Each structure stands twice: as structure tokens, then as C-alpha cells.
Amino acid sequence: MSECTHDCSSCGESCGERTAPQDFRAPANELSKVKKVIAVVSGKGGVGKSLVTSSLACAVRRQGKAVGILDADITGPSIPKSFGIHGRAEGSEIGIYPMTSAGGVAVMSLNLLTEHETDPVVWRGPVIAGTVKQFWTDVIWGELDYLFVDMPPGTGDVPLTVFQSLPVDGIIVVTSPQDLVSMIVTKAVKMAEMMQIPVLGLVENYSYFQCPDCGKQHAIFGQSHIAQVAEELKLKVLARLPIDPALAAACDAGQIESLEHNYLEGVAAGLDEALN
């Protein structure tokens, strides 16, 4: 065995002396040209991560940009329903074609590949992670300005696969106003730091309910701690979203694109600057 020169560019991947970081990023489909990839993450489930992903994609699309959503929540896919997309995606020898919403948002989700939307996905972690990776390598996204990745909660196999395999430019952390928010957010932020991916900021969902009669705001899930958490982590609070029955109804009806008011318009308007 030759003596190590510490020039890792000449080493094989199995070299035990390797000191330089390895690049595990997978190539996109040859017919895909995606400019920016943003992952929407949460430390726990049920905080409205898919809602934020869908709303943000709609807001960016209204700016006239080409947008796609990669639904990485394999066991709980909900993106197609929000956009009213049903049926099965088609493919050919060159790849899989995403389905497109009425407003022009490209979507790929496991719900678009199973025979029935309600079919459960009973797979082990490595298979799920491999499927998410294929949504990047095998799907023909075409030319996109932004691809949003709707992540499953936590810091397990899928987030690790996305952060390693996709050229993620930044992440947005979604949370809710609960006492354990600091711990949950910190876990997600620390994982991003470990993977050397910038955190663009925090979005708090369920922040308040505004009474339609008197206009007073009520903290249904407790007082918000998001400002304090953001200060401790040196992050921006991008938005605080209210509990809005109209928004929930639109998602259930597959009409999220039809809502005139989008609470994330300001976030969408600042994305280009945040990533440059």
C-alpha cells in the first residue's frame, strides 16, 4: 500500500485515510434544470408543514416563476390533495413526468404512483429514502426556478437523504406556539448546521385566531415563543400564520391556489434576496 499523500482527490471512496468531505449529491434527471431547492422541515409532525410548502409554492408561482413540489413525506403525502391533483403520473424510458396543478405547479408524490390514493405505504426506512432520491434523479422536472421539498417530520432517514443527495440551497423551519418549540426547532436547526445548509428562517403556524366579529386575536395554542427562539438561534421569523378556517377548507377541497390572500407572499418576495 502506498503512503498517504493526503490528496483526497486521488483516493477511492473506500480509502480509510480520507479526510476531505465526500459529495453524495445525486445528479438530477438529464432533462431537469432546477435553479434553487428549498426544503420545508419541522422537528415534529402536525405543525402544518405541508400547508406552508403549498402556500409558499403558490405565492412564488404568482410571481410568474416556474415552481415544483417534491413531496418527500412518503408515508403521509398530502400535497396532491391540496392542489386538487388526482390520477397517476406517467413515465417513459427517460423518466417520470410530474403532474401539474391548475395554476401550473409541478408536483410529484407517492400518491400519484399508487393504484389508490388511500393505499398505505408499509415500507422500511431505506426503501422510503431511496424513493425520495428517485423523485430527484428520475423525475423530469424540466426548467424550474424553485423546487420545494415537503419533508417528513424529524431528523431521520429521509431528511438525511434529501440533505445529502439534493443540492439544497436552504431550509425553512415550520413550528407552532408550544412550550417544547425551542427544543424541537433547535434539533432541526442543528441538523441543518451539521449538513452545512443555510436556515432561511422560521415560520410559526397556528399563531393565533382572529375573531371575525370583534377582530381580537386569541392565542389558542398558547403564547408564542418564536421571537425568543429566533433570537437565541440568530434566525429570522419569516411569518406567523393564523388559524384560518378558509385556508383549511381550501386545502381540503383541493383549491389552495384559488385563495386570493396568501399569508406567505412576503416570504416568497424575499426568497431571491435570501438565497443570494
# chains A, B, ... in the order shown; residues from 1 in each chain; ligands from 1
>>> select_by_dssp(residues="range 99-208 of chain A", states="strand (DSSP E)", output="number ranges by chain")
A: 99-100, 106-108, 143-150, 170-175, 199-204
>>> write_last_selection(atoms="N, CA, C and O atoms", output="short mmCIF file (atom, residue, chain, number, x, y, z; two decimals), in the first residue's frame")
data_model
loop_
_atom_site.label_atom_id
_atom_site.label_comp_id
_atom_site.auth_asym_id
_atom_site.auth_seq_id
_atom_site.Cartn_x
_atom_site.Cartn_y
_atom_site.Cartn_z
N MET A 99 -47.07 15.62 -12.28
CA MET A 99 -48.37 16.14 -12.67
C MET A 99 -48.40 17.63 -12.36
O MET A 99 -47.65 18.11 -11.50
N THR A 100 -49.25 18.34 -13.06
CA THR A 100 -49.27 19.80 -12.94
C THR A 100 -50.62 20.28 -12.46
O THR A 100 -51.67 19.83 -12.94
N ALA A 106 -45.76 22.09 -10.68
CA ALA A 106 -45.42 20.68 -10.94
C ALA A 106 -45.32 19.94 -9.61
O ALA A 106 -44.71 20.44 -8.66
N VAL A 107 -45.94 18.77 -9.53
CA VAL A 107 -45.98 18.01 -8.27
C VAL A 107 -45.63 16.55 -8.51
O VAL A 107 -46.11 15.93 -9.46
N MET A 108 -44.77 16.02 -7.63
CA MET A 108 -44.52 14.59 -7.62
C MET A 108 -44.68 14.08 -6.19
O MET A 108 -44.09 14.61 -5.26
N GLU A 143 -37.52 22.87 -16.54
CA GLU A 143 -36.83 24.06 -16.03
C GLU A 143 -37.66 24.69 -14.91
O GLU A 143 -38.78 25.13 -15.14
N LEU A 144 -37.09 24.70 -13.72
CA LEU A 144 -37.77 25.27 -12.56
C LEU A 144 -36.91 26.36 -11.92
O LEU A 144 -35.69 26.22 -11.82
N ASP A 145 -37.57 27.42 -11.50
CA ASP A 145 -36.88 28.43 -10.71
C ASP A 145 -36.72 27.96 -9.27
O ASP A 145 -35.70 28.18 -8.64
N TYR A 146 -37.79 27.29 -8.76
CA TYR A 146 -37.77 26.80 -7.39
C TYR A 146 -38.39 25.41 -7.31
O TYR A 146 -39.45 25.16 -7.88
N LEU A 147 -37.71 24.53 -6.58
CA LEU A 147 -38.29 23.24 -6.22
C LEU A 147 -38.38 23.20 -4.70
O LEU A 147 -37.37 23.30 -4.00
N PHE A 148 -39.60 23.08 -4.19
CA PHE A 148 -39.82 22.98 -2.75
C PHE A 148 -39.95 21.52 -2.36
O PHE A 148 -40.67 20.76 -3.02
N VAL A 149 -39.26 21.13 -1.30
CA VAL A 149 -39.31 19.75 -0.83
C VAL A 149 -40.08 19.71 0.48
O VAL A 149 -39.65 20.29 1.48
N ASP A 150 -41.23 19.06 0.45
CA ASP A 150 -42.06 18.91 1.65
C ASP A 150 -41.55 17.69 2.42
O ASP A 150 -41.73 16.56 2.00
N GLY A 170 -31.32 25.95 0.88
CA GLY A 170 -31.72 26.50 2.17
C GLY A 170 -32.93 25.76 2.70
O GLY A 170 -33.62 25.07 1.95
N ILE A 171 -33.17 25.91 4.01
CA ILE A 171 -34.35 25.28 4.60
C ILE A 171 -35.18 26.32 5.34
O ILE A 171 -34.67 27.34 5.81
N ILE A 172 -36.46 26.04 5.43
CA ILE A 172 -37.40 26.83 6.23
C ILE A 172 -37.96 25.91 7.29
O ILE A 172 -38.43 24.81 6.98
N VAL A 173 -37.89 26.32 8.54
CA VAL A 173 -38.35 25.50 9.65
C VAL A 173 -39.75 25.95 10.07
O VAL A 173 -39.97 27.14 10.33
N VAL A 174 -40.68 25.01 10.11
CA VAL A 174 -42.06 25.30 10.50
C VAL A 174 -42.29 24.80 11.92
O VAL A 174 -41.88 23.69 12.27
N THR A 175 -42.95 25.63 12.71
CA THR A 175 -43.19 25.25 14.10
C THR A 175 -44.54 25.80 14.56
O THR A 175 -45.28 26.40 13.79
N VAL A 199 -30.15 28.00 7.08
CA VAL A 199 -31.54 28.08 7.54
C VAL A 199 -32.04 29.48 7.20
O VAL A 199 -31.53 30.48 7.71
N LEU A 200 -33.04 29.55 6.33
CA LEU A 200 -33.55 30.85 5.88
C LEU A 200 -34.37 31.55 6.95
O LEU A 200 -34.46 32.77 6.98
N GLY A 201 -35.01 30.76 7.83
CA GLY A 201 -35.80 31.36 8.89
C GLY A 201 -36.89 30.44 9.38
O GLY A 201 -36.98 29.27 8.96
N LEU A 202 -37.71 30.98 10.27
CA LEU A 202 -38.77 30.20 10.92
C LEU A 202 -40.14 30.71 10.50
O LEU A 202 -40.35 31.91 10.32
N VAL A 203 -41.06 29.77 10.35
CA VAL A 203 -42.48 30.10 10.11
C VAL A 203 -43.28 29.46 11.23
O VAL A 203 -43.21 28.25 11.43
N GLU A 204 -44.02 30.28 11.97
CA GLU A 204 -44.86 29.74 13.04
C GLU A 204 -46.30 29.61 12.54
O GLU A 204 -46.89 30.59 12.08
#
>>> select_by_dssp(residues="range 41-82 of chain A", states="helix (DSSP H, G or I)", output="MDAnalysis selection string")
chainID A and resid 49:61 79:82
>>> write_last_selection(atoms="C-alpha atoms", output="short mmCIF file (atom, residue, chain, number, x, y, z; two decimals), in the first residue's frame")
data_model
loop_
_atom_site.label_atom_id
_atom_site.label_comp_id
_atom_site.auth_asym_id
_atom_site.auth_seq_id
_atom_site.Cartn_x
_atom_site.Cartn_y
_atom_site.Cartn_z
CA LYS A 49 -45.50 21.88 7.14
CA SER A 50 -47.35 20.74 4.01
CA LEU A 51 -49.61 23.77 4.27
CA VAL A 52 -46.59 26.07 4.37
CA THR A 53 -44.99 24.25 1.43
CA SER A 54 -48.15 24.51 -0.67
CA SER A 55 -48.84 28.14 0.22
CA LEU A 56 -45.26 29.18 -0.44
CA ALA A 57 -45.24 27.41 -3.80
CA CYS A 58 -48.47 29.19 -4.75
CA ALA A 59 -47.06 32.56 -3.73
CA VAL A 60 -43.88 32.07 -5.75
CA ARG A 61 -45.88 30.82 -8.73
CA ILE A 79 -49.59 17.81 -1.38
CA PRO A 80 -51.68 16.46 -4.31
CA LYS A 81 -54.92 16.82 -2.33
CA SER A 82 -54.22 20.48 -1.54
#
>>> atom_distance(atom1="CA of Thr155 in chain A", atom2="CA of Ile197 in chain A")
13.9 Å
>>> closest_residue(among="A:Pro212, A:Pro153, A:Gly64, A:Gly48", to="Val105 in chain A", atoms="only C-alpha atoms")
A:Gly64
>>> atom_distance(atom1="CA of Val121 in chain A", atom2="CA of Gly156 in chain A")
17.0 Å
>>> atom_distance(atom1="CA of Val139 in chain A", atom2="CA of Asn262 in chain A")
28.4 Å
>>> residues_around(residues="range 186-196 of chain A", least_positions_apart="6", cutoff="8 Å", atoms="only C-alpha atoms", output="compact mmCIF listing (two decimals) with N, CA, C and O atoms, in the first residue's frame")
# COMPACT_ATOMS: atom_id res chain seq x y z
N VAL A 41 -39.03 22.01 6.56
CA VAL A 41 -38.85 20.97 7.56
C VAL A 41 -39.57 21.32 8.86
O VAL A 41 -39.96 22.46 9.09
N SER A 42 -39.72 20.31 9.70
CA SER A 42 -40.27 20.51 11.03
C SER A 42 -39.67 19.46 11.96
O SER A 42 -39.35 18.36 11.52
N GLY A 43 -39.53 19.81 13.22
CA GLY A 43 -38.99 18.86 14.17
C GLY A 43 -40.01 17.84 14.61
O GLY A 43 -39.67 16.77 15.10
N GLY A 154 -39.02 15.33 11.76
CA GLY A 154 -37.90 14.67 12.41
C GLY A 154 -36.58 14.81 11.68
O GLY A 154 -36.44 15.58 10.72
N THR A 155 -35.61 14.03 12.14
CA THR A 155 -34.25 14.10 11.60
C THR A 155 -33.75 12.71 11.21
O THR A 155 -32.59 12.36 11.44
N PHE A 163 -30.85 16.00 2.36
CA PHE A 163 -29.74 16.92 2.59
C PHE A 163 -28.45 16.45 1.93
O PHE A 163 -27.64 17.27 1.51
N GLN A 164 -28.27 15.13 1.82
CA GLN A 164 -27.06 14.61 1.20
C GLN A 164 -27.16 14.48 -0.31
O GLN A 164 -26.18 14.69 -1.02
N ILE A 171 -33.17 25.91 4.01
CA ILE A 171 -34.35 25.28 4.60
C ILE A 171 -35.18 26.32 5.34
O ILE A 171 -34.67 27.34 5.81
N VAL A 173 -37.89 26.32 8.54
CA VAL A 173 -38.35 25.50 9.65
C VAL A 173 -39.75 25.95 10.07
O VAL A 173 -39.97 27.14 10.33
N LEU A 233 -31.32 31.52 18.41
CA LEU A 233 -30.68 30.79 17.31
C LEU A 233 -30.14 31.72 16.23
O LEU A 233 -29.60 31.25 15.22
>>> residues_around(residues="Ala102 in chain A", least_positions_apart="6", cutoff="10 Å", atoms="only C-alpha atoms", output="PyMOL selection string")
chain A and resi 83-85+255+257-258
>>> closest_residue(among="A:Arg124, A:Lys65, A:His116, A:His86", to="Gly104 in chain A", atoms="only C-alpha atoms")
A:Lys65
>>> residues_around(residues="Leu275 in chain A", least_positions_apart="2", cutoff="10 Å", atoms="only C-alpha atoms", output="number ranges by chain")
A: 36, 38, 169-170, 198, 200, 270-273
>>> write_last_selection(atoms="all heavy atoms", output="PDB file, in the first residue's frame")
ATOM      1  N   LYS A  36     -33.071  26.503  -7.848  1.00  0.00           N
ATOM      2  CA  LYS A  36     -32.988  26.578  -6.395  1.00  0.00           C
ATOM      3  C   LYS A  36     -33.849  25.480  -5.764  1.00  0.00           C
ATOM      4  O   LYS A  36     -34.977  25.241  -6.206  1.00  0.00           O
ATOM      5  CB  LYS A  36     -33.452  27.939  -5.873  1.00  0.00           C
ATOM      6  CG  LYS A  36     -32.617  29.127  -6.354  1.00  0.00           C
ATOM      7  CD  LYS A  36     -31.212  29.098  -5.764  1.00  0.00           C
ATOM      8  CE  LYS A  36     -30.414  30.319  -6.225  1.00  0.00           C
ATOM      9  NZ  LYS A  36     -29.034  30.289  -5.670  1.00  0.00           N
ATOM     10  N   ILE A  38     -35.408  24.322  -2.040  1.00  0.00           N
ATOM     11  CA  ILE A  38     -35.673  24.726  -0.661  1.00  0.00           C
ATOM     12  C   ILE A  38     -36.448  23.616   0.034  1.00  0.00           C
ATOM     13  O   ILE A  38     -37.492  23.169  -0.451  1.00  0.00           O
ATOM     14  CB  ILE A  38     -36.472  26.039  -0.596  1.00  0.00           C
ATOM     15  CG1 ILE A  38     -35.645  27.186  -1.179  1.00  0.00           C
ATOM     16  CG2 ILE A  38     -36.872  26.357   0.846  1.00  0.00           C
ATOM     17  CD1 ILE A  38     -36.370  28.514  -1.183  1.00  0.00           C
ATOM     18  N   ASP A 169     -30.470  24.462  -1.238  1.00  0.00           N
ATOM     19  CA  ASP A 169     -29.901  25.810  -1.077  1.00  0.00           C
ATOM     20  C   ASP A 169     -30.256  26.427   0.269  1.00  0.00           C
ATOM     21  O   ASP A 169     -29.576  27.337   0.733  1.00  0.00           O
ATOM     22  CB  ASP A 169     -30.403  26.716  -2.205  1.00  0.00           C
ATOM     23  CG  ASP A 169     -29.903  26.250  -3.560  1.00  0.00           C
ATOM     24  OD1 ASP A 169     -28.720  26.476  -3.857  1.00  0.00           O
ATOM     25  OD2 ASP A 169     -30.689  25.649  -4.316  1.00  0.00           O
ATOM     26  N   GLY A 170     -31.323  25.953   0.882  1.00  0.00           N
ATOM     27  CA  GLY A 170     -31.721  26.499   2.169  1.00  0.00           C
ATOM     28  C   GLY A 170     -32.934  25.764   2.700  1.00  0.00           C
ATOM     29  O   GLY A 170     -33.625  25.071   1.954  1.00  0.00           O
ATOM     30  N   PRO A 198     -27.871  26.371   4.848  1.00  0.00           N
ATOM     31  CA  PRO A 198     -28.362  27.586   5.489  1.00  0.00           C
ATOM     32  C   PRO A 198     -29.839  27.463   5.911  1.00  0.00           C
ATOM     33  O   PRO A 198     -30.651  26.879   5.194  1.00  0.00           O
ATOM     34  CB  PRO A 198     -28.220  28.663   4.399  1.00  0.00           C
ATOM     35  CG  PRO A 198     -27.265  28.082   3.404  1.00  0.00           C
ATOM     36  CD  PRO A 198     -27.453  26.601   3.457  1.00  0.00           C
ATOM     37  N   LEU A 200     -33.042  29.555   6.333  1.00  0.00           N
ATOM     38  CA  LEU A 200     -33.545  30.852   5.884  1.00  0.00           C
ATOM     39  C   LEU A 200     -34.374  31.548   6.950  1.00  0.00           C
ATOM     40  O   LEU A 200     -34.456  32.773   6.976  1.00  0.00           O
ATOM     41  CB  LEU A 200     -34.370  30.671   4.603  1.00  0.00           C
ATOM     42  CG  LEU A 200     -33.640  29.989   3.432  1.00  0.00           C
ATOM     43  CD1 LEU A 200     -34.559  29.897   2.234  1.00  0.00           C
ATOM     44  CD2 LEU A 200     -32.359  30.728   3.087  1.00  0.00           C
ATOM     45  N   GLY A 270     -39.182  37.670  -0.744  1.00  0.00           N
ATOM     46  CA  GLY A 270     -37.810  37.827  -0.260  1.00  0.00           C
ATOM     47  C   GLY A 270     -36.904  36.653  -0.488  1.00  0.00           C
ATOM     48  O   GLY A 270     -35.739  36.672  -0.066  1.00  0.00           O
ATOM     49  N   LEU A 271     -37.393  35.609  -1.163  1.00  0.00           N
ATOM     50  CA  LEU A 271     -36.591  34.398  -1.343  1.00  0.00           C
ATOM     51  C   LEU A 271     -35.335  34.632  -2.166  1.00  0.00           C
ATOM     52  O   LEU A 271     -34.244  34.162  -1.815  1.00  0.00           O
ATOM     53  CB  LEU A 271     -37.426  33.295  -1.994  1.00  0.00           C
ATOM     54  CG  LEU A 271     -38.306  32.452  -1.083  1.00  0.00           C
ATOM     55  CD1 LEU A 271     -39.014  31.379  -1.877  1.00  0.00           C
ATOM     56  CD2 LEU A 271     -37.493  31.838   0.053  1.00  0.00           C
ATOM     57  N   ASP A 272     -35.467  35.349  -3.283  1.00  0.00           N
ATOM     58  CA  ASP A 272     -34.313  35.576  -4.141  1.00  0.00           C
ATOM     59  C   ASP A 272     -33.189  36.256  -3.374  1.00  0.00           C
ATOM     60  O   ASP A 272     -32.020  35.872  -3.456  1.00  0.00           O
ATOM     61  CB  ASP A 272     -34.714  36.421  -5.349  1.00  0.00           C
ATOM     62  CG  ASP A 272     -35.551  35.643  -6.354  1.00  0.00           C
ATOM     63  OD1 ASP A 272     -35.592  34.403  -6.250  1.00  0.00           O
ATOM     64  OD2 ASP A 272     -36.184  36.274  -7.206  1.00  0.00           O
ATOM     65  N   GLU A 273     -33.556  37.274  -2.606  1.00  0.00           N
ATOM     66  CA  GLU A 273     -32.543  38.011  -1.834  1.00  0.00           C
ATOM     67  C   GLU A 273     -31.939  37.135  -0.750  1.00  0.00           C
ATOM     68  O   GLU A 273     -30.724  37.175  -0.499  1.00  0.00           O
ATOM     69  CB  GLU A 273     -33.186  39.251  -1.206  1.00  0.00           C
ATOM     70  CG  GLU A 273     -32.192  40.114  -0.426  1.00  0.00           C
ATOM     71  CD  GLU A 273     -32.850  41.351   0.155  1.00  0.00           C
ATOM     72  OE1 GLU A 273     -34.031  41.610  -0.167  1.00  0.00           O
ATOM     73  OE2 GLU A 273     -32.184  42.047   0.937  1.00  0.00           O
TER      74      GLU A 273
END
